[in-house]
$ cat input-v3.pdb   # PDB, C-alpha atoms, pLDDT in the B column
ATOM      1  CA  MET A 699      -1.613  -1.344 -29.860  1.00 92.00           C
ATOM      2  CA  ARG A 700       1.957  -1.065 -28.594  1.00 97.00           C
ATOM      3  CA  TYR A 701       3.508  -1.541 -25.166  1.00 98.00           C
ATOM      4  CA  ALA A 702       6.702  -0.189 -23.601  1.00 98.00           C
ATOM      5  CA  ILE A 703       8.695  -0.883 -20.456  1.00 98.00           C
ATOM      6  CA  TYR A 704       9.637   2.440 -18.948  1.00 98.00           C
ATOM      7  CA  PHE A 705      11.486   3.780 -15.949  1.00 97.00           C
ATOM      8  CA  ALA A 706       8.705   5.342 -13.880  1.00 95.00           C
ATOM      9  CA  ALA A 707       7.286   5.470 -10.378  1.00 94.00           C
ATOM     10  CA  ASP A 708       3.981   5.776  -8.555  1.00 93.00           C
ATOM     11  CA  ALA A 709       1.740   8.686  -9.517  1.00 94.00           C
ATOM     12  CA  ASP A 710       2.451  10.489  -6.240  1.00 94.00           C
ATOM     13  CA  ALA A 711       6.253  10.202  -6.454  1.00 96.00           C
ATOM     14  CA  PRO A 712       7.833  13.691  -6.558  1.00 97.00           C
ATOM     15  CA  LEU A 713       9.803  12.931  -9.724  1.00 97.00           C
ATOM     16  CA  MET A 714       6.678  11.778 -11.563  1.00 97.00           C
ATOM     17  CA  ARG A 715       4.583  14.709 -10.367  1.00 98.00           C
ATOM     18  CA  LEU A 716       7.214  17.186 -11.517  1.00 98.00           C
ATOM     19  CA  GLY A 717       7.737  15.420 -14.840  1.00 98.00           C
ATOM     20  CA  ASN A 718       4.036  15.181 -15.582  1.00 98.00           C
ATOM     21  CA  THR A 719       3.511  18.850 -14.760  1.00 98.00           C
ATOM     22  CA  TRP A 720       6.482  19.898 -16.878  1.00 98.00           C
ATOM     23  CA  LEU A 721       5.125  18.008 -19.902  1.00 98.00           C
ATOM     24  CA  GLY A 722       1.540  19.047 -19.258  1.00 98.00           C
ATOM     25  CA  ARG A 723      -0.073  15.608 -19.190  1.00 98.00           C
ATOM     26  CA  ASP A 724      -0.759  12.942 -16.577  1.00 98.00           C
ATOM     27  CA  PRO A 725      -0.157   9.497 -18.140  1.00 97.00           C
ATOM     28  CA  PHE A 726      -1.898   7.844 -15.189  1.00 97.00           C
ATOM     29  CA  THR A 727      -5.230   9.490 -16.017  1.00 96.00           C
ATOM     30  CA  GLY A 728      -4.687  10.749 -19.554  1.00 95.00           C
ATOM     31  CA  SER A 729      -5.669  14.265 -18.484  1.00 97.00           C
ATOM     32  CA  ARG A 730      -3.921  17.453 -19.532  1.00 97.00           C
ATOM     33  CA  LEU A 731      -2.152  19.479 -16.849  1.00 98.00           C
ATOM     34  CA  GLN A 732      -1.314  23.156 -16.775  1.00 97.00           C
ATOM     35  CA  GLN A 733       2.390  23.624 -17.302  1.00 98.00           C
ATOM     36  CA  PRO A 734       4.186  25.873 -14.815  1.00 96.00           C
ATOM     37  CA  PRO A 735       4.993  29.488 -15.748  1.00 97.00           C
ATOM     38  CA  PHE A 736       8.611  30.601 -16.102  1.00 96.00           C
ATOM     39  CA  PRO A 737      10.017  34.116 -16.600  1.00 94.00           C
ATOM     40  CA  GLY A 738      10.658  34.844 -20.259  1.00 94.00           C
ATOM     41  CA  LEU A 739       9.063  31.618 -21.492  1.00 95.00           C
ATOM     42  CA  ASP A 740       5.817  32.094 -23.395  1.00 96.00           C
ATOM     43  CA  PRO A 741       3.249  29.483 -22.232  1.00 97.00           C
ATOM     44  CA  ALA A 742       2.116  28.684 -25.779  1.00 97.00           C
ATOM     45  CA  ARG A 743       5.714  28.250 -26.903  1.00 97.00           C
ATOM     46  CA  PHE A 744       6.457  26.034 -23.883  1.00 98.00           C
ATOM     47  CA  GLU A 745       3.531  23.843 -24.895  1.00 98.00           C
ATOM     48  CA  ASP A 746       4.833  23.662 -28.468  1.00 98.00           C
ATOM     49  CA  LEU A 747       8.331  22.689 -27.333  1.00 98.00           C
ATOM     50  CA  THR A 748       7.090  19.675 -25.369  1.00 98.00           C
ATOM     51  CA  THR A 749       4.615  18.012 -27.763  1.00 98.00           C
ATOM     52  CA  SER A 750       6.623  14.853 -28.482  1.00 97.00           C
ATOM     53  CA  PRO A 751       7.591  13.855 -24.913  1.00 98.00           C
ATOM     54  CA  ARG A 752       4.056  14.750 -23.808  1.00 98.00           C
ATOM     55  CA  ARG A 753       2.642  12.060 -26.106  1.00 97.00           C
ATOM     56  CA  TYR A 754       4.968   9.389 -24.729  1.00 97.00           C
ATOM     57  CA  GLY A 755       4.384  10.366 -21.112  1.00 97.00           C
ATOM     58  CA  PHE A 756       7.114  11.219 -18.626  1.00 97.00           C
ATOM     59  CA  HIS A 757       9.479   8.224 -18.575  1.00 97.00           C
ATOM     60  CA  GLY A 758      12.901   6.779 -19.245  1.00 97.00           C
ATOM     61  CA  THR A 759      13.018   4.083 -21.918  1.00 98.00           C
ATOM     62  CA  LEU A 760      14.020   0.595 -20.787  1.00 98.00           C
ATOM     63  CA  LYS A 761      12.339  -1.543 -23.469  1.00 98.00           C
ATOM     64  CA  ALA A 762      11.279   0.608 -26.425  1.00 97.00           C
ATOM     65  CA  PRO A 763       7.688   0.495 -27.714  1.00 96.00           C
ATOM     66  CA  PHE A 764       6.768  -2.812 -29.319  1.00 97.00           C
ATOM     67  CA  SER A 765       3.768  -4.621 -30.717  1.00 97.00           C
ATOM     68  CA  LEU A 766       2.930  -7.972 -29.160  1.00 98.00           C
ATOM     69  CA  ALA A 767       4.200 -11.126 -30.836  1.00 97.00           C
ATOM     70  CA  LYS A 768       1.503 -13.292 -32.406  1.00 95.00           C
ATOM     71  CA  ASP A 769       1.602 -15.887 -29.626  1.00 95.00           C
ATOM     72  CA  ALA A 770       1.790 -13.293 -26.801  1.00 97.00           C
ATOM     73  CA  THR A 771      -1.048 -11.773 -24.795  1.00 98.00           C
ATOM     74  CA  GLU A 772      -1.396  -8.725 -22.608  1.00 98.00           C
ATOM     75  CA  ASP A 773      -2.195 -10.904 -19.596  1.00 98.00           C
ATOM     76  CA  ALA A 774       0.981 -12.890 -20.127  1.00 98.00           C
ATOM     77  CA  LEU A 775       3.013  -9.689 -20.442  1.00 98.00           C
ATOM     78  CA  ILE A 776       1.574  -8.343 -17.197  1.00 98.00           C
ATOM     79  CA  ALA A 777       2.330 -11.634 -15.455  1.00 98.00           C
ATOM     80  CA  ALA A 778       5.897 -11.532 -16.764  1.00 98.00           C
ATOM     81  CA  CYS A 779       6.301  -7.971 -15.449  1.00 98.00           C
ATOM     82  CA  ALA A 780       5.083  -9.073 -12.020  1.00 98.00           C
ATOM     83  CA  ARG A 781       7.485 -12.046 -11.934  1.00 98.00           C
ATOM     84  CA  PHE A 782      10.369  -9.865 -13.054  1.00 98.00           C
ATOM     85  CA  ALA A 783       9.627  -7.331 -10.309  1.00 98.00           C
ATOM     86  CA  GLU A 784       9.924 -10.135  -7.767  1.00 98.00           C
ATOM     87  CA  THR A 785      13.470 -11.013  -8.877  1.00 97.00           C
ATOM     88  CA  VAL A 786      15.191  -7.611  -8.835  1.00 98.00           C
ATOM     89  CA  ALA A 787      15.872  -5.461  -5.789  1.00 98.00           C
ATOM     90  CA  PRO A 788      15.520  -1.665  -5.623  1.00 98.00           C
ATOM     91  CA  PHE A 789      18.723   0.169  -6.492  1.00 98.00           C
ATOM     92  CA  GLU A 790      20.246   3.600  -6.082  1.00 96.00           C
ATOM     93  CA  LEU A 791      21.008   6.331  -8.596  1.00 95.00           C
ATOM     94  CA  GLN A 792      23.626   8.816  -7.479  1.00 95.00           C
ATOM     95  CA  GLU A 793      21.856  11.753  -9.093  1.00 94.00           C
ATOM     96  CA  LEU A 794      19.920  13.027 -12.078  1.00 96.00           C
ATOM     97  CA  SER A 795      20.475  16.446 -13.593  1.00 96.00           C
ATOM     98  CA  VAL A 796      19.101  18.549 -16.436  1.00 97.00           C
ATOM     99  CA  ASN A 797      21.309  18.233 -19.505  1.00 96.00           C
ATOM    100  CA  GLN A 798      21.349  18.798 -23.236  1.00 94.00           C
ATOM    101  CA  LEU A 799      21.281  15.472 -25.076  1.00 92.00           C
ATOM    102  CA  GLY A 800      22.060  16.345 -28.665  1.00 91.00           C
ATOM    103  CA  LYS A 801      19.379  18.899 -29.495  1.00 94.00           C
ATOM    104  CA  PHE A 802      17.012  17.617 -26.807  1.00 96.00           C
ATOM    105  CA  LEU A 803      16.676  18.544 -23.158  1.00 98.00           C
ATOM    106  CA  ALA A 804      16.530  15.641 -20.712  1.00 98.00           C
ATOM    107  CA  LEU A 805      17.108  14.454 -17.189  1.00 98.00           C
ATOM    108  CA  THR A 806      20.182  12.236 -17.323  1.00 97.00           C
ATOM    109  CA  PRO A 807      22.519  10.614 -14.792  1.00 96.00           C
ATOM    110  CA  ALA A 808      25.433  12.803 -13.822  1.00 88.00           C
ATOM    111  CA  GLN A 809      27.781   9.808 -13.882  1.00 92.00           C
ATOM    112  CA  ALA A 810      27.908   6.150 -14.866  1.00 94.00           C
ATOM    113  CA  GLU A 811      25.169   4.135 -13.165  1.00 97.00           C
ATOM    114  CA  PRO A 812      26.043   0.418 -13.507  1.00 97.00           C
ATOM    115  CA  ASP A 813      22.896  -0.849 -11.775  1.00 98.00           C
ATOM    116  CA  LEU A 814      20.651   1.256 -13.996  1.00 98.00           C
ATOM    117  CA  GLU A 815      22.489   0.093 -17.110  1.00 98.00           C
ATOM    118  CA  ALA A 816      22.177  -3.528 -15.968  1.00 98.00           C
ATOM    119  CA  PHE A 817      18.488  -3.040 -15.229  1.00 98.00           C
ATOM    120  CA  ALA A 818      17.857  -1.668 -18.720  1.00 98.00           C
ATOM    121  CA  SER A 819      19.756  -4.581 -20.239  1.00 98.00           C
ATOM    122  CA  LEU A 820      17.658  -7.004 -18.208  1.00 98.00           C
ATOM    123  CA  CYS A 821      14.443  -5.376 -19.433  1.00 98.00           C
ATOM    124  CA  VAL A 822      15.508  -5.636 -23.066  1.00 98.00           C
ATOM    125  CA  ARG A 823      16.215  -9.339 -22.671  1.00 97.00           C
ATOM    126  CA  GLN A 824      13.401 -10.264 -20.299  1.00 97.00           C
ATOM    127  CA  PHE A 825      10.597  -8.927 -22.474  1.00 98.00           C
ATOM    128  CA  GLU A 826      12.027  -9.748 -25.892  1.00 98.00           C
ATOM    129  CA  PRO A 827       9.812 -12.864 -26.273  1.00 97.00           C
ATOM    130  CA  PHE A 828       6.777 -10.562 -26.227  1.00 98.00           C
ATOM    131  CA  ARG A 829       8.009  -8.321 -29.055  1.00 98.00           C
ATOM    132  CA  ALA A 830       6.738  -8.761 -32.591  1.00 97.00           C
ATOM    133  CA  PRO A 831       9.360  -8.215 -35.330  1.00 95.00           C
ATOM    134  CA  LEU A 832       9.534  -4.692 -36.697  1.00 93.00           C
ATOM    135  CA  SER A 833       7.563  -4.030 -39.832  1.00 91.00           C
ATOM    136  CA  ALA A 834       9.515  -2.983 -42.912  1.00 91.00           C
ATOM    137  CA  GLU A 835       8.169   0.535 -42.404  1.00 90.00           C
ATOM    138  CA  ASP A 836       9.340   0.692 -38.789  1.00 90.00           C
ATOM    139  CA  LEU A 837      12.721  -0.760 -39.722  1.00 91.00           C
ATOM    140  CA  ASP A 838      13.181   1.905 -42.400  1.00 90.00           C
ATOM    141  CA  ARG A 839      12.138   4.591 -39.925  1.00 89.00           C
ATOM    142  CA  ARG A 840      14.743   3.430 -37.412  1.00 89.00           C
ATOM    143  CA  ARG A 841      17.401   3.424 -40.096  1.00 88.00           C
ATOM    144  CA  GLN A 842      16.800   7.079 -40.947  1.00 85.00           C
ATOM    145  CA  ALA A 843      18.738   7.998 -37.799  1.00 85.00           C
ATOM    146  CA  ASN A 844      22.205   7.420 -39.363  1.00 87.00           C
ATOM    147  CA  LEU A 845      22.871   4.333 -37.264  1.00 93.00           C
ATOM    148  CA  THR A 846      26.290   2.813 -36.774  1.00 95.00           C
ATOM    149  CA  PRO A 847      26.768  -0.805 -37.937  1.00 95.00           C
ATOM    150  CA  LYS A 848      26.403  -2.000 -34.342  1.00 96.00           C
ATOM    151  CA  GLN A 849      23.214   0.017 -33.806  1.00 96.00           C
ATOM    152  CA  ASP A 850      21.806  -1.310 -37.059  1.00 94.00           C
ATOM    153  CA  ALA A 851      22.536  -4.857 -35.907  1.00 95.00           C
ATOM    154  CA  TYR A 852      20.730  -4.151 -32.637  1.00 96.00           C
ATOM    155  CA  VAL A 853      17.693  -2.925 -34.588  1.00 95.00           C
ATOM    156  CA  GLU A 854      17.721  -6.110 -36.665  1.00 93.00           C
ATOM    157  CA  THR A 855      18.001  -8.388 -33.628  1.00 95.00           C
ATOM    158  CA  TRP A 856      16.300  -6.478 -30.814  1.00 97.00           C
ATOM    159  CA  GLY A 857      14.124  -3.877 -32.546  1.00 95.00           C
ATOM    160  CA  TYR A 858      15.905  -0.822 -31.107  1.00 95.00           C
ATOM    161  CA  PRO A 859      19.387   0.649 -31.645  1.00 95.00           C
ATOM    162  CA  TYR A 860      20.159   2.247 -28.279  1.00 96.00           C
ATOM    163  CA  ILE A 861      20.564  -0.753 -25.997  1.00 97.00           C
ATOM    164  CA  PHE A 862      23.328  -2.513 -24.066  1.00 97.00           C
ATOM    165  CA  ASP A 863      26.606  -0.618 -24.648  1.00 96.00           C
ATOM    166  CA  GLU A 864      24.731   1.958 -26.782  1.00 97.00           C
ATOM    167  CA  PHE A 865      22.230   2.701 -24.002  1.00 97.00           C
ATOM    168  CA  ARG A 866      22.148   6.159 -22.462  1.00 96.00           C
ATOM    169  CA  PHE A 867      19.421   6.709 -19.922  1.00 97.00           C
ATOM    170  CA  HIS A 868      17.359   9.878 -20.325  1.00 97.00           C
ATOM    171  CA  MET A 869      13.968  11.262 -19.402  1.00 98.00           C
ATOM    172  CA  THR A 870      13.109  13.531 -22.318  1.00 98.00           C
ATOM    173  CA  LEU A 871      11.871  17.042 -21.524  1.00 98.00           C
ATOM    174  CA  SER A 872      11.589  18.689 -24.940  1.00 98.00           C
ATOM    175  CA  ASN A 873      11.268  18.382 -28.680  1.00 98.00           C
ATOM    176  CA  MET A 874      14.340  19.037 -30.792  1.00 96.00           C
ATOM    177  CA  LEU A 875      15.617  22.521 -29.919  1.00 97.00           C
ATOM    178  CA  GLU A 876      17.112  24.463 -32.815  1.00 95.00           C
ATOM    179  CA  ASP A 877      17.509  27.872 -31.149  1.00 95.00           C
ATOM    180  CA  ASP A 878      20.400  28.048 -28.675  1.00 95.00           C
ATOM    181  CA  GLU A 879      18.955  30.922 -26.640  1.00 96.00           C
ATOM    182  CA  GLU A 880      15.604  29.180 -26.383  1.00 96.00           C
ATOM    183  CA  ALA A 881      17.325  25.942 -25.390  1.00 97.00           C
ATOM    184  CA  ALA A 882      19.269  27.747 -22.654  1.00 96.00           C
ATOM    185  CA  LEU A 883      16.095  29.381 -21.330  1.00 97.00           C
ATOM    186  CA  LEU A 884      14.272  26.054 -21.269  1.00 97.00           C
ATOM    187  CA  ALA A 885      17.227  24.409 -19.506  1.00 97.00           C
ATOM    188  CA  ARG A 886      17.281  27.077 -16.788  1.00 97.00           C
ATOM    189  CA  SER A 887      13.534  26.686 -16.341  1.00 98.00           C
ATOM    190  CA  ALA A 888      13.886  22.904 -16.047  1.00 98.00           C
ATOM    191  CA  GLU A 889      16.684  23.247 -13.493  1.00 97.00           C
ATOM    192  CA  THR A 890      14.391  25.388 -11.365  1.00 97.00           C
ATOM    193  CA  HIS A 891      11.410  23.087 -11.818  1.00 98.00           C
ATOM    194  CA  PHE A 892      13.258  19.862 -10.963  1.00 98.00           C
ATOM    195  CA  GLU A 893      15.646  21.232  -8.328  1.00 97.00           C
ATOM    196  CA  SER A 894      13.985  19.295  -5.492  1.00 96.00           C
ATOM    197  CA  VAL A 895      14.752  15.909  -7.120  1.00 96.00           C
ATOM    198  CA  THR A 896      18.028  16.550  -8.945  1.00 95.00           C
ATOM    199  CA  ASN A 897      21.617  16.516  -7.741  1.00 86.00           C
ATOM    200  CA  SER A 898      20.818  14.031  -4.985  1.00 90.00           C
ATOM    201  CA  ALA A 899      20.512  10.264  -4.641  1.00 93.00           C
ATOM    202  CA  LEU A 900      17.361   8.558  -5.871  1.00 94.00           C
ATOM    203  CA  THR A 901      16.121   5.074  -4.986  1.00 95.00           C
ATOM    204  CA  CYS A 902      14.639   3.243  -7.973  1.00 97.00           C
ATOM    205  CA  ARG A 903      11.835   1.025  -6.704  1.00 97.00           C
ATOM    206  CA  HIS A 904       9.495   0.726  -9.698  1.00 97.00           C
ATOM    207  CA  PHE A 905       9.144   0.337 -13.419  1.00 98.00           C
ATOM    208  CA  GLY A 906       6.107   0.923 -15.591  1.00 98.00           C
ATOM    209  CA  LEU A 907       4.228  -0.841 -18.346  1.00 98.00           C
ATOM    210  CA  TYR A 908       2.909   1.857 -20.675  1.00 98.00           C
ATOM    211  CA  VAL A 909       0.464   1.331 -23.524  1.00 98.00           C
ATOM    212  CA  GLU A 910      -0.289   3.123 -26.795  1.00 97.00           C
ATOM    213  CA  PRO A 911      -3.856   2.110 -27.763  1.00 96.00           C
ATOM    214  CA  GLU A 912      -3.235   2.850 -31.451  1.00 94.00           C
ATOM    215  CA  ARG A 913      -0.397   4.291 -33.512  1.00 91.00           C
ATOM    216  CA  GLY A 914      -0.023   7.997 -32.881  1.00 91.00           C
ATOM    217  CA  ALA A 915      -2.095   7.956 -29.692  1.00 96.00           C
ATOM    218  CA  ALA A 916      -0.685   9.062 -26.354  1.00 97.00           C
ATOM    219  CA  PHE A 917       1.070   6.497 -24.168  1.00 97.00           C
ATOM    220  CA  ASP A 918      -0.543   5.962 -20.782  1.00 97.00           C
ATOM    221  CA  VAL A 919       0.513   4.053 -17.682  1.00 98.00           C
ATOM    222  CA  HIS A 920      -1.043   0.613 -17.761  1.00 98.00           C
ATOM    223  CA  ARG A 921       0.505  -0.557 -14.512  1.00 97.00           C
ATOM    224  CA  ILE A 922       3.400   0.277 -12.182  1.00 98.00           C
ATOM    225  CA  PHE A 923       5.379  -2.616 -10.722  1.00 98.00           C
ATOM    226  CA  LYS A 924       7.347  -2.447  -7.477  1.00 98.00           C
ATOM    227  CA  LEU A 925      10.753  -4.102  -7.273  1.00 98.00           C
ATOM    228  CA  THR A 926      10.791  -6.564  -4.372  1.00 98.00           C
ATOM    229  CA  GLY A 927      13.408  -9.132  -5.402  1.00 98.00           C
ATOM    230  CA  PRO A 928      16.619 -10.291  -3.701  1.00 98.00           C
ATOM    231  CA  GLN A 929      19.116  -9.593  -6.500  1.00 97.00           C
ATOM    232  CA  SER A 930      20.747  -6.353  -7.536  1.00 98.00           C
ATOM    233  CA  PRO A 931      20.356  -5.599 -11.250  1.00 98.00           C
ATOM    234  CA  ILE A 932      24.030  -6.364 -11.811  1.00 98.00           C
ATOM    235  CA  SER A 933      23.756  -9.777 -10.130  1.00 97.00           C
ATOM    236  CA  ALA A 934      20.507 -10.564 -11.922  1.00 97.00           C
ATOM    237  CA  LEU A 935      22.079  -9.677 -15.278  1.00 97.00           C
ATOM    238  CA  LYS A 936      25.116 -11.856 -14.597  1.00 96.00           C
ATOM    239  CA  ASN A 937      22.851 -14.786 -13.779  1.00 94.00           C
ATOM    240  CA  THR A 938      20.760 -14.168 -16.886  1.00 94.00           C
ATOM    241  CA  LEU A 939      23.816 -14.076 -19.123  1.00 94.00           C
ATOM    242  CA  ALA A 940      25.336 -17.134 -17.478  1.00 92.00           C
ATOM    243  CA  ASN A 941      22.155 -19.096 -18.106  1.00 85.00           C
ATOM    244  CA  SER A 942      22.084 -18.012 -21.743  1.00 80.00           C
ATOM    245  CA  ASN A 943      25.862 -18.361 -22.333  1.00 67.00           C
ATOM    246  CA  GLU A 944      25.907 -14.740 -23.468  1.00 60.00           C
ATOM    247  CA  GLU A 945      28.637 -12.260 -22.659  1.00 51.00           C
ATOM    248  CA  VAL A 946      27.967  -8.839 -21.199  1.00 47.00           C
ATOM    249  CA  SER A 947      27.668  -6.230 -23.985  1.00 47.00           C
TER     250      SER A 947
END
$ encode --input "input-v3.pdb" --output "structure tokens"
Amino acid sequence: MRYAIYFAADADAPLMRLGNTWLGRDPFTGSRLQQPPFPGLDPARFEDLTTSPRRYGFHGTLKAPFSLAKDATEDALIAACARFAETVAPFELQELSVNQLGKFLALTPAQAEPDLEAFASLCVRQFEPFRAPLSAEDLDRRRQANLTPKQDAYVETWGYPYIFDEFRFHMTLSNMLEDDEEAALLARSAETHFESVTNSALTCRHFGLYVEPERGAAFDVHRIFKLTGPQSPISALKNTLANSNEEVS
């Protein structure tokens, strides 16, 4: 069993509803959903192009999937999530938009989002005590991605390469897209599908604990936590780093 801390919201939030429908699966119930039709996009091909993000559930990674440390329990992890939610205040994103991220399609911020970056950094640090070390197999798998020396060091220390100054927030919408025309068609379809929640400000009030019951299984929402704390993510991160004598990455 693995767990992950993801950017998510309540099941009835417009962004989640649209994301779940786009991917064709509801991670709150585990049920399949019918993906929307788009001109020129074959339904079977659309399903094929979204298999990987469908398994992970609609989300943005904050703390990448991890197995529990030997001395950790699920109950303790849930309690830690609840305490964390009580320390950090909701924060604003200026806007999300549909973009190409390498060969993948994703919702990404249109500009730098310091609070979101601080929040992700907090999640990496806050839940690190619950993470078991990577197996040799998982470490080798991570290293197949042509990591930089810094990213490799992050994998060694934190179990994931794309954190801190290497972090780039994204909500994945596709598998790897090799055909440029197909990628452009999928991007136009996504822009239409998500137009009601993109290119405008978004208040981030929640994060999710997702669970993968066994390797290769689909990730489902275990619980959504609402942010109710007094500190902005930036302030909370500064306090965390000050207490640990660590500098901001």
$ closest_atom_pairs --input "input-v3.pdb" --of "stretch 725-767 of chain A" --to "stretch 828-835 of chain A" --cutoff "10 Å" --atoms "all atoms listed in the file" --output "JSON lines"
{"residue": "A:Lys761", "atom": "CA", "partner": "A:Arg829", "partner_atom": "CA", "distance": 9.8}
{"residue": "A:Ala762", "atom": "CA", "partner": "A:Arg829", "partner_atom": "CA", "distance": 9.9}
{"residue": "A:Pro763", "atom": "CA", "partner": "A:Arg829", "partner_atom": "CA", "distance": 8.9}
{"residue": "A:Phe764", "atom": "CA", "partner": "A:Arg829", "partner_atom": "CA", "distance": 5.7}
{"residue": "A:Ser765", "atom": "CA", "partner": "A:Ala830", "partner_atom": "CA", "distance": 5.4}
{"residue": "A:Leu766", "atom": "CA", "partner": "A:Arg829", "partner_atom": "CA", "distance": 5.1}
{"residue": "A:Ala767", "atom": "CA", "partner": "A:Ala830", "partner_atom": "CA", "distance": 3.9}
$ atom_distance --input "input-v3.pdb" --atom1 "atom CA of A:Val822" --atom2 "atom CA of A:Ser942"
14.1 Å
$ residues_around --input "input-v3.pdb" --residues "A:Ala882" --least-positions-apart "3" --cutoff "12 Å" --atoms "all atoms listed in the file" --output "PyMOL selection string"
chain A and resi 738-739+796-798+801-803+875-879+885-889
$ resolve_selection --input "input-v3.pdb" --expression "the PyMOL selection byres ((chain A and resi 817) around 9)" --output "list of chain:residue names"
A:Leu760, A:Val786, A:Pro812, A:Asp813, A:Leu814, A:Glu815, A:Ala816, A:Ala818, A:Ser819, A:Leu820, A:Cys821, A:Val822, A:Ser930, A:Pro931, A:Ile932, A:Ala934, A:Leu935
$ residues_around --input "input-v3.pdb" --residues "A:Tyr852" --least-positions-apart "2" --cutoff "12 Å" --atoms "all atoms listed in the file" --output "MDAnalysis selection string"
chainID A and resid 822 832 837 840:841 845:850 854:865 947
